[in-house]
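*Asks:* Dumping the structure here so I can ask a few things about it.
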Amino acid sequence: MTDNENKMEKIVSLAKRRGFVFPGSEIYGGLKGTWDLGPLGVALNNNLKQEWWKMFVDGREDMYGLDASILMNAKVWEASGHTGAGFCDPLVEDVETGERFRADHLLKDNGIEAEGMTLSEIDALIKEKDIKSPKGNDLTNAREFNMMFESRVGATAGDEGKVYLRPETAQGIFVNFKNVVDTMAPKMPFGIAQIGKAFRNEIAPREWLFRVREFEQMEIEYFVAEDQWEAEYAKLLEDIRAWHQHIGLLDENIREYEVPDNDLAHYSKRTIDFEYNYPGKGFDELAGFAYRTDHDLKNHEEASGTKMRYTPVDGVPFIPHVLEPSFGIGRALTAVLCEAYTEDTMGESSRMYLKLPAHLAPYRVAVSPLLKNKPQLVEKAREVFTMLKKEFGNVAWDDNGNVGKRYRRQDEIGTPHCVVIDFDTLGEESPEHKDTVTVRDRDTGEQKRVAIGELASYLLQV
Ligand code: ATP
């Protein structure tokens with residue numbers, strides 16, 4: 001196993017051991033492609049979503065929020081093309097075991113990039129290169145497999161009540177385009193942003209949170225006049241770069257892959273995939289940024305009969321063009337954990353810690369009394385804890401084991417600072433230190449004495 005594969009394994013195991021990510025339905029043997037966020041995972045996930053919303057919605061004047069239903073009229077997915085071949089993956093089966101695989105993934109594992117290939121091209125390559133299933137058996141011919149989960153509403157039988165779990169949040173935005181324009185009177189260019197669950201019946205879920213069947217997306221549809229698209233694309237590109245920096249991803253671990261013209265979806269004029277250098281896997285998609293022309297709104301206008309137009313000051317209504325930055329939260333969470341995971345030596349011992357940015361850490365700070373069997377220390381520590389909790393909300397109380405062990409435990413979950421209330425705080429040992437506490441820094445291990453009255457502002461600065 002390479003160091004990098006090893007690193008990924010350590011992250012996955014840490015995430016389980018410390019309550020970030022659990023396998024879905026674990027006590028029943030799990031359900032492939034599902035993962036549950038534990039107490040610390042949901043905190044990190046919420047912080048990611050909040051920071052994204054602050055940056056892309058609250059931090060701007062040209063963005064409007066939305067929260068559309070997961071279930072939508074099935075006609076939405078016909079108009080968007082998701083019920084057709086456009087949202088299918090090529091499926092092959094092991095002729096002996098019946099196990100199913102994504103043909104393009106099997107080819108990729110053999111060093112062949114199959115994106116955009118037709119089924120017969122895939123079959124020809126499988127034959128030519130004599131590619132077998134992972135068990136060494138022959139494979140069936142490739143066929144299209146649609147990734148949408150189907151369900152039914154109410155008690156209707158047959159196709160009448162058929163619905164799909166949305167495979168992307170984007171269509172919820174398009175179908176509400178007119179509602180937002182009519183209610184908010186936005187000035188062009190403007191965007192509609194949404195965070196929510198999406199579902200894809202992936203043939204082969206794999207690589208932890210990377211390819212799952214239920215996940216969350218943060219998507220923006222940014223509406224522009226056709227002649228504005230290039231300038232606005234350049235601006236949003238900078239915003240996406242700033243976002244990845246804001247969540248602590250190093251430039252050197254991000255690659256912008258300009259999708260070549262012959263691989264672009266027929267309606268797209270430009271797409272950049274933001275790829276992250278996942279340990280043991282290498283660069284693969286983290287987020288996408290596509291210029292989708294007026295394809296979506298035009299299709300919805302045709303299919304629904306409702307005008308999807310914007311009326312500018314000169315009074316000639318037109319169908320806007322669309323720029324779509326699309327982020328998967330699970331992949332962002334994975335990248336953030338990979339970037340934060342650090343091993344070093346502190347004092348005599350080696351340790352591992354999560355070097356998470358303070359605005360993402362599940363706990364902003366941990367508070368503890370030096371000894372938990374000294375009521376005066378505990379009482380003072382509770383006072384400090386309550387004060388900080390009012391300021392930050394996500395504050396941990398940690399009085400288990402000795403202080404050294406608490407530091408290691410907090411390091412492991414990425415808590416930027418630990419505050420300890422000791423006898424000095426009570427003024428029993430050195431009166432000049434009365435009402436000061438020890439603040440210990442996660443990354444350097446350095447300790448400072450800070451007055452309780454200045455603690456919150458100190459923590460906000462460091
Ligand atoms: P891939 O090529 O990896 O299947 P995609 O190009 O189909 O991804 P998009 O349709 O562009 O993905 O979706 C936007 C984002 O949603 C992706 O960049 C990714 O972060 C996330 N995403 C898509 N599918 C999955 C999945 N099965 N599991 C986790 N995240 C996903």
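Quick note on naming: the chains in the structure tokens go A, B, ... in the order shown, residues restart at 1 in each chain, and ligands are numbered from 1 in order of appearance.
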Compute the set of protein, DNA and RNA residues whose minimum atom distance to ligand 1 is at most 8 Å, using only C-alpha atoms and all ligand atoms, and state it as number ranges by chain.
*Replies:* A: 168, 199-202, 205, 209-217, 273-274, 284-289, 326-332
*Asks:* Please provide as an MDAnalysis selection string all residues within 8 Å of range 363-365 of chain A, with the sequence filter that same-chain residues fewer than 3 positions apart are discarded (counting only C-alpha atoms).
*Replies:* chainID A and resid 358:359 392 394:396 414:419
*Asks:* Using only C-alpha atoms, pick whichever of A:Trp229, A:Tyr276, A:Tyr257, A:Phe423 has the shortest atom-to-atom distance to Tyr291 in chain A.
*Replies:*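 Under the stated criterion, the closest residue is A:Trp229.
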*Asks:* Tell me which of A:Ala193, A:Val313, A:Leu388, A:Ala335 sits closest to Arg60 in chain A, counting only C-alpha atoms.
*Replies:* A:Ala193
*Asks:* Give me, as JSON, numbers by chain, the residues of range 147-254 of chain A that a backbone DSSP run labels alpha helix (DSSP H).
*Replies:* {"A": [170, 171, 172, 173, 174, 175, 177, 178, 179, 180, 181, 182, 183, 184, 229, 230, 231, 232, 233, 234, 235, 236, 237, 238, 239, 240, 241, 242, 243, 244, 245, 246]}
*Asks:* DSSP on the backbone, strand (DSSP E or B) only: what residues of range 12-115 of chain A does that give? Format it as a list in words.
*Replies:* Val21, Phe22, Pro23, Trp35, Asp36, Leu37, Met63, Tyr64, Gly65, Leu66, Leu71, Met72, Cys88, Asp89, Pro90, Leu91, Val92, Glu93, Asp94, Arg100, Phe101 and Arg102 of chain A
*Asks:* Now that the selection is made, can you save its residues with N, CA, C and O atoms as a short mmCIF file (atom, residue, chain, number, x, y, z; two decimals), in the first residue's frame?
*Replies:*
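Saved as again_34.cif:
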```
data_model
loop_
_atom_site.label_atom_id
_atom_site.label_comp_id
_atom_site.auth_asym_id
_atom_site.auth_seq_id
_atom_site.Cartn_x
_atom_site.Cartn_y
_atom_site.Cartn_z
N VAL A 21 -18.01 10.36 10.11
CA VAL A 21 -18.78 9.66 9.07
C VAL A 21 -18.92 8.18 9.42
O VAL A 21 -17.92 7.49 9.67
N PHE A 22 -20.16 7.69 9.46
CA PHE A 22 -20.43 6.27 9.72
C PHE A 22 -20.99 5.63 8.45
O PHE A 22 -21.70 6.29 7.68
N PRO A 23 -20.74 4.32 8.26
CA PRO A 23 -21.39 3.65 7.13
C PRO A 23 -22.91 3.66 7.33
O PRO A 23 -23.38 3.50 8.46
N TRP A 35 -23.76 6.90 3.40
CA TRP A 35 -22.95 7.18 4.59
C TRP A 35 -23.74 8.13 5.47
O TRP A 35 -24.47 8.98 4.95
N ASP A 36 -23.57 7.98 6.78
CA ASP A 36 -24.27 8.88 7.70
C ASP A 36 -23.25 9.80 8.36
O ASP A 36 -22.15 9.37 8.72
N LEU A 37 -23.65 11.05 8.53
CA LEU A 37 -22.75 11.99 9.21
C LEU A 37 -23.00 11.91 10.71
O LEU A 37 -24.14 12.03 11.16
N MET A 63 -27.35 37.55 -5.83
CA MET A 63 -27.66 36.13 -5.68
C MET A 63 -28.91 35.95 -4.81
O MET A 63 -29.06 36.63 -3.79
N TYR A 64 -29.78 35.03 -5.20
CA TYR A 64 -31.02 34.77 -4.47
C TYR A 64 -31.05 33.30 -4.06
O TYR A 64 -30.68 32.43 -4.85
N GLY A 65 -31.51 33.05 -2.84
CA GLY A 65 -31.54 31.67 -2.34
C GLY A 65 -32.84 30.97 -2.72
O GLY A 65 -33.85 31.61 -3.02
N LEU A 66 -32.80 29.64 -2.70
CA LEU A 66 -33.98 28.85 -3.03
C LEU A 66 -33.87 27.51 -2.34
O LEU A 66 -32.77 27.02 -2.09
N LEU A 71 -38.95 16.10 -4.75
CA LEU A 71 -39.86 15.48 -5.71
C LEU A 71 -40.44 16.55 -6.62
O LEU A 71 -40.95 17.57 -6.15
N MET A 72 -40.33 16.31 -7.94
CA MET A 72 -40.89 17.28 -8.88
C MET A 72 -41.71 16.52 -9.92
O MET A 72 -41.53 15.31 -10.10
N CYS A 88 -27.41 8.44 -18.61
CA CYS A 88 -27.15 7.01 -18.43
C CYS A 88 -25.66 6.76 -18.34
O CYS A 88 -24.86 7.49 -18.92
N ASP A 89 -25.31 5.71 -17.64
CA ASP A 89 -23.92 5.25 -17.63
C ASP A 89 -23.86 3.90 -18.33
O ASP A 89 -24.83 3.12 -18.28
N PRO A 90 -22.70 3.57 -18.97
CA PRO A 90 -22.61 2.28 -19.65
C PRO A 90 -22.39 1.15 -18.65
O PRO A 90 -21.45 1.18 -17.85
N LEU A 91 -23.30 0.17 -18.69
CA LEU A 91 -23.27 -0.93 -17.72
C LEU A 91 -22.80 -2.23 -18.39
O LEU A 91 -23.27 -2.56 -19.47
N VAL A 92 -21.88 -2.95 -17.76
CA VAL A 92 -21.54 -4.30 -18.23
C VAL A 92 -21.66 -5.26 -17.04
O VAL A 92 -21.53 -4.84 -15.88
N GLU A 93 -21.93 -6.54 -17.36
CA GLU A 93 -22.05 -7.53 -16.28
C GLU A 93 -21.02 -8.62 -16.44
O GLU A 93 -20.66 -8.99 -17.57
N ASP A 94 -20.56 -9.15 -15.32
CA ASP A 94 -19.71 -10.34 -15.30
C ASP A 94 -20.61 -11.50 -15.70
O ASP A 94 -21.65 -11.75 -15.05
N ARG A 100 -22.32 -6.17 -11.53
CA ARG A 100 -22.43 -5.08 -12.51
C ARG A 100 -21.30 -4.07 -12.33
O ARG A 100 -20.92 -3.74 -11.19
N PHE A 101 -20.83 -3.56 -13.44
CA PHE A 101 -19.74 -2.57 -13.40
C PHE A 101 -20.01 -1.46 -14.38
O PHE A 101 -20.73 -1.66 -15.37
N ARG A 102 -19.38 -0.31 -14.10
CA ARG A 102 -19.43 0.78 -15.08
C ARG A 102 -18.33 0.54 -16.08
O ARG A 102 -17.15 0.51 -15.73
#
```
*Asks:* Would you mind reading off the distance between CA of Val95 in chain A and CA of Ile203 in chain A, one decimal, in Å?
*Replies:*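 Rounded to one decimal, the two atoms are 16.3 Å apart.
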*Asks:* Between A:Asn400, A:Ala456, A:Val42, A:Asp443, which is the closest to Phe385 in chain A once you count only C-alpha atoms?
*Replies:*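 That would be A:Ala456, the residue with the smallest distance to Phe385 in chain A.
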*Asks:* Residues near Phe56 in chain A, anyone? I mean within 9 Å using only C-alpha atoms, not counting same-chain ones fewer than 3 positions away, as a ChimeraX atom specification.
*Replies:* /A:51-53,59-60,63,193,220,239,243
*Asks:* Take the residues from that selection and write them out as a compact mmCIF listing (two decimals), in the first residue's frame, keeping N, CA and C atoms.
*Replies:*
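Now in part_24.txt:
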```txt
# COMPACT_ATOMS: atom_id res chain seq x y z
N GLU A 51 -20.62 28.57 5.25
CA GLU A 51 -19.57 29.42 4.66
C GLU A 51 -19.87 29.66 3.18
N TRP A 52 -20.35 28.62 2.53
CA TRP A 52 -20.66 28.74 1.09
C TRP A 52 -21.79 29.74 0.90
N TRP A 53 -22.82 29.61 1.75
CA TRP A 53 -23.98 30.50 1.64
C TRP A 53 -23.57 31.95 1.92
N GLY A 59 -23.12 37.25 0.93
CA GLY A 59 -22.00 38.17 0.69
C GLY A 59 -22.13 38.94 -0.62
N ARG A 60 -23.23 38.75 -1.36
CA ARG A 60 -23.34 39.41 -2.66
C ARG A 60 -24.74 40.03 -2.82
N MET A 63 -27.35 37.55 -5.83
CA MET A 63 -27.66 36.13 -5.68
C MET A 63 -28.91 35.95 -4.81
N ALA A 193 -29.26 30.39 -6.01
CA ALA A 193 -28.40 29.38 -5.37
C ALA A 193 -29.24 28.44 -4.54
N ILE A 220 -25.40 26.83 -8.24
CA ILE A 220 -25.82 28.18 -8.65
C ILE A 220 -26.15 28.14 -10.13
N ASP A 239 -14.25 33.53 -8.30
CA ASP A 239 -15.00 33.29 -7.05
C ASP A 239 -14.87 31.84 -6.62
N TRP A 243 -13.26 30.39 -3.20
CA TRP A 243 -13.97 29.46 -2.31
C TRP A 243 -13.04 28.31 -1.89
```
*Asks:* Expressed in Å to a single decimal, how great is the separation between CA of Met188 in chain A and CA of Trp77 in chain A?
*Replies:*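 If I compute the distance from CA of Met188 in chain A to CA of Trp77 in chain A, I get 26.8 Å.
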*Asks:* Identify which of the residues A:Thr444, A:Thr271, A:Thr83, A:Ser368 lies closest to Met346 in chain A, counting only C-alpha atoms when measuring atom-to-atom distances.
*Replies:*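 Nearest candidate to Met346 in chain A out of A:Thr444, A:Thr271, A:Thr83, A:Ser368: A:Thr444.
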*Asks:* List every residue of range 28-139 of chain A that has an atom at most 12 Å from any atom of range 152-167 of chain A, and for each one report the closest atom pair and its distance in Å to one decimal, counting only C-alpha atoms, with rows sorted by chain and then by increasing residue number, as a tab-separated table.
*Replies:*
```
residue	atom	partner	partner_atom	distance
A:Ala68	CA	A:Arg166	CA	10.4
A:Ser69	CA	A:Arg166	CA	8.8
A:Ile70	CA	A:Arg166	CA	5.6
A:Leu71	CA	A:Leu165	CA	5.8
A:Met72	CA	A:Val163	CA	6.9
A:Asn73	CA	A:Val163	CA	6.6
A:Ala74	CA	A:Val163	CA	5.4
A:Lys75	CA	A:Val163	CA	9.2
A:Val76	CA	A:Tyr164	CA	9.8
A:Trp77	CA	A:Tyr164	CA	8.2
A:Glu78	CA	A:Tyr164	CA	10.8
A:Ser80	CA	A:Pro167	CA	11.2
A:Gly81	CA	A:Pro167	CA	11.7
A:His82	CA	A:Pro167	CA	8.4
A:Thr83	CA	A:Tyr164	CA	9.5
A:Phe87	CA	A:Pro167	CA	9.3
A:Cys88	CA	A:Pro167	CA	11.6
```
*Asks:* Please produce a file of the residues just selected, as a compact mmCIF listing (two decimals), in the first residue's frame, where the atoms kept are N, CA and C atoms.
*Replies:*
```
# COMPACT_ATOMS: atom_id res chain seq x y z
N ALA A 68 -35.98 24.19 -3.23
CA ALA A 68 -37.06 23.53 -3.99
C ALA A 68 -37.28 22.11 -3.48
N SER A 69 -38.43 21.53 -3.83
CA SER A 69 -38.75 20.17 -3.41
C SER A 69 -37.84 19.16 -4.10
N ILE A 70 -37.58 18.07 -3.40
CA ILE A 70 -36.82 16.97 -4.01
C ILE A 70 -37.68 16.28 -5.06
N LEU A 71 -38.95 16.10 -4.75
CA LEU A 71 -39.86 15.48 -5.71
C LEU A 71 -40.44 16.55 -6.62
N MET A 72 -40.33 16.31 -7.94
CA MET A 72 -40.89 17.28 -8.88
C MET A 72 -41.71 16.52 -9.92
N ASN A 73 -42.57 17.25 -10.60
CA ASN A 73 -43.35 16.66 -11.68
C ASN A 73 -42.39 15.94 -12.65
N ALA A 74 -42.73 14.72 -13.04
CA ALA A 74 -41.83 13.92 -13.90
C ALA A 74 -41.52 14.61 -15.23
N LYS A 75 -42.40 15.55 -15.63
CA LYS A 75 -42.16 16.26 -16.91
C LYS A 75 -40.88 17.09 -16.87
N VAL A 76 -40.51 17.51 -15.63
CA VAL A 76 -39.26 18.28 -15.49
C VAL A 76 -38.09 17.49 -16.05
N TRP A 77 -38.08 16.19 -15.75
CA TRP A 77 -36.91 15.36 -16.10
C TRP A 77 -36.95 14.92 -17.55
N GLU A 78 -38.18 14.95 -18.13
CA GLU A 78 -38.24 14.69 -19.57
C GLU A 78 -37.68 15.91 -20.30
N SER A 80 -35.61 18.14 -19.22
CA SER A 80 -34.18 18.39 -18.98
C SER A 80 -33.31 17.34 -19.66
N GLY A 81 -33.94 16.25 -20.13
CA GLY A 81 -33.17 15.21 -20.82
C GLY A 81 -32.70 14.10 -19.89
N HIS A 82 -33.04 14.19 -18.60
CA HIS A 82 -32.52 13.17 -17.66
C HIS A 82 -33.16 11.79 -17.84
N THR A 83 -34.39 11.74 -18.43
CA THR A 83 -34.99 10.41 -18.59
C THR A 83 -34.39 9.67 -19.79
N PHE A 87 -28.53 10.81 -19.36
CA PHE A 87 -28.21 10.61 -17.94
C PHE A 87 -28.00 9.13 -17.63
N CYS A 88 -27.41 8.44 -18.61
CA CYS A 88 -27.15 7.01 -18.43
C CYS A 88 -25.66 6.76 -18.34
```
*Asks:* For range 370-373 of chain A, work out the shell of residues within 7 Å, counting only C-alpha atoms and skipping chain neighbours fewer than 5 positions away, then give it as a count of residues only.
*Replies:* 6
*Asks:* What does the structure give for the distance between CA of Ile413 in chain A and CA of Asp251 in chain A, in Å to one decimal?
*Replies:*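 Between CA of Ile413 in chain A and CA of Asp251 in chain A the gap is 23.7 Å.
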*Asks:* Kindly indicate which residue among A:Tyr278, A:Tyr407, A:Phe283, A:Trp397 lies nearest to Trp208 in chain A, using only C-alpha atoms for the distances.
*Replies:* A:Tyr278
*Asks:* In terms of the shortest atom-to-atom distance over only C-alpha atoms, which of A:Ala103, A:Asn146, A:Ser151, A:Ala85 is closest to Leu125 in chain A?
*Replies:* A:Ala103
*Asks:* Which neighbours of Glu115 in chain A fall inside 10 Å, counting only C-alpha atoms, when residues of the same chain fewer than 6 positions from it are skipped, and could you give them as a PyMOL selection string?
*Replies:* chain A and resi 89+104-105+107-108+122+263
*Asks:* May I have the residues from that selection written out with all heavy atoms, as an mmCIF file, in the first residue's frame?
*Replies:*
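Generated output (selection_11.cif):
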```cif
data_model
loop_
_atom_site.group_PDB
_atom_site.id
_atom_site.type_symbol
_atom_site.label_atom_id
_atom_site.label_comp_id
_atom_site.auth_asym_id
_atom_site.auth_seq_id
_atom_site.Cartn_x
_atom_site.Cartn_y
_atom_site.Cartn_z
ATOM 1 N N ASP A 89 -25.306 5.713 -17.645
ATOM 2 C CA ASP A 89 -23.918 5.250 -17.633
ATOM 3 C C ASP A 89 -23.862 3.896 -18.328
ATOM 4 O O ASP A 89 -24.831 3.121 -18.279
ATOM 5 C CB ASP A 89 -23.416 5.109 -16.189
ATOM 6 C CG ASP A 89 -22.948 6.444 -15.636
ATOM 7 O OD1 ASP A 89 -22.593 7.315 -16.438
ATOM 8 O OD2 ASP A 89 -22.935 6.609 -14.398
ATOM 9 N N ASP A 104 -17.018 2.353 -18.395
ATOM 10 C CA ASP A 104 -15.986 3.383 -18.548
ATOM 11 C C ASP A 104 -14.991 3.339 -17.389
ATOM 12 O O ASP A 104 -13.809 3.627 -17.551
ATOM 13 C CB ASP A 104 -16.617 4.775 -18.688
ATOM 14 C CG ASP A 104 -17.560 5.122 -17.559
ATOM 15 O OD1 ASP A 104 -18.148 4.197 -16.960
ATOM 16 O OD2 ASP A 104 -17.722 6.316 -17.257
ATOM 17 N N HIS A 105 -15.457 2.903 -16.185
ATOM 18 C CA HIS A 105 -14.523 2.781 -15.055
ATOM 19 C C HIS A 105 -13.564 1.605 -15.257
ATOM 20 O O HIS A 105 -12.378 1.696 -14.951
ATOM 21 C CB HIS A 105 -15.282 2.621 -13.738
ATOM 22 C CG HIS A 105 -15.879 3.914 -13.258
ATOM 23 N ND1 HIS A 105 -16.758 3.988 -12.201
ATOM 24 C CD2 HIS A 105 -15.731 5.181 -13.705
ATOM 25 C CE1 HIS A 105 -17.121 5.254 -12.019
ATOM 26 N NE2 HIS A 105 -16.512 5.990 -12.918
ATOM 27 N N LEU A 107 -12.582 0.479 -18.095
ATOM 28 C CA LEU A 107 -11.605 0.914 -19.106
ATOM 29 C C LEU A 107 -10.584 1.869 -18.482
ATOM 30 O O LEU A 107 -9.382 1.765 -18.732
ATOM 31 C CB LEU A 107 -12.320 1.593 -20.282
ATOM 32 C CG LEU A 107 -13.099 0.638 -21.204
ATOM 33 C CD1 LEU A 107 -13.980 1.413 -22.174
ATOM 34 C CD2 LEU A 107 -12.141 -0.251 -21.991
ATOM 35 N N LYS A 108 -11.074 2.774 -17.632
ATOM 36 C CA LYS A 108 -10.164 3.736 -16.986
ATOM 37 C C LYS A 108 -9.129 3.000 -16.131
ATOM 38 O O LYS A 108 -7.951 3.350 -16.104
ATOM 39 C CB LYS A 108 -10.969 4.708 -16.127
ATOM 40 C CG LYS A 108 -10.204 5.971 -15.797
ATOM 41 C CD LYS A 108 -11.096 7.010 -15.164
ATOM 42 C CE LYS A 108 -10.286 8.277 -14.909
ATOM 43 N NZ LYS A 108 -11.027 9.276 -14.181
ATOM 44 N N ILE A 122 -17.224 1.232 -26.891
ATOM 45 C CA ILE A 122 -16.808 0.604 -25.627
ATOM 46 C C ILE A 122 -16.667 -0.911 -25.811
ATOM 47 O O ILE A 122 -15.663 -1.515 -25.431
ATOM 48 C CB ILE A 122 -17.815 0.940 -24.500
ATOM 49 C CG1 ILE A 122 -17.666 2.416 -24.099
ATOM 50 C CG2 ILE A 122 -17.625 0.036 -23.287
ATOM 51 C CD1 ILE A 122 -18.659 2.907 -23.089
ATOM 52 N N ASP A 263 -15.611 16.604 -25.938
ATOM 53 C CA ASP A 263 -16.223 15.927 -24.785
ATOM 54 C C ASP A 263 -17.322 16.752 -24.133
ATOM 55 O O ASP A 263 -17.974 16.307 -23.184
ATOM 56 C CB ASP A 263 -15.150 15.642 -23.710
ATOM 57 C CG ASP A 263 -14.402 14.347 -24.020
ATOM 58 O OD1 ASP A 263 -14.888 13.599 -24.890
ATOM 59 O OD2 ASP A 263 -13.354 14.126 -23.408
#
```
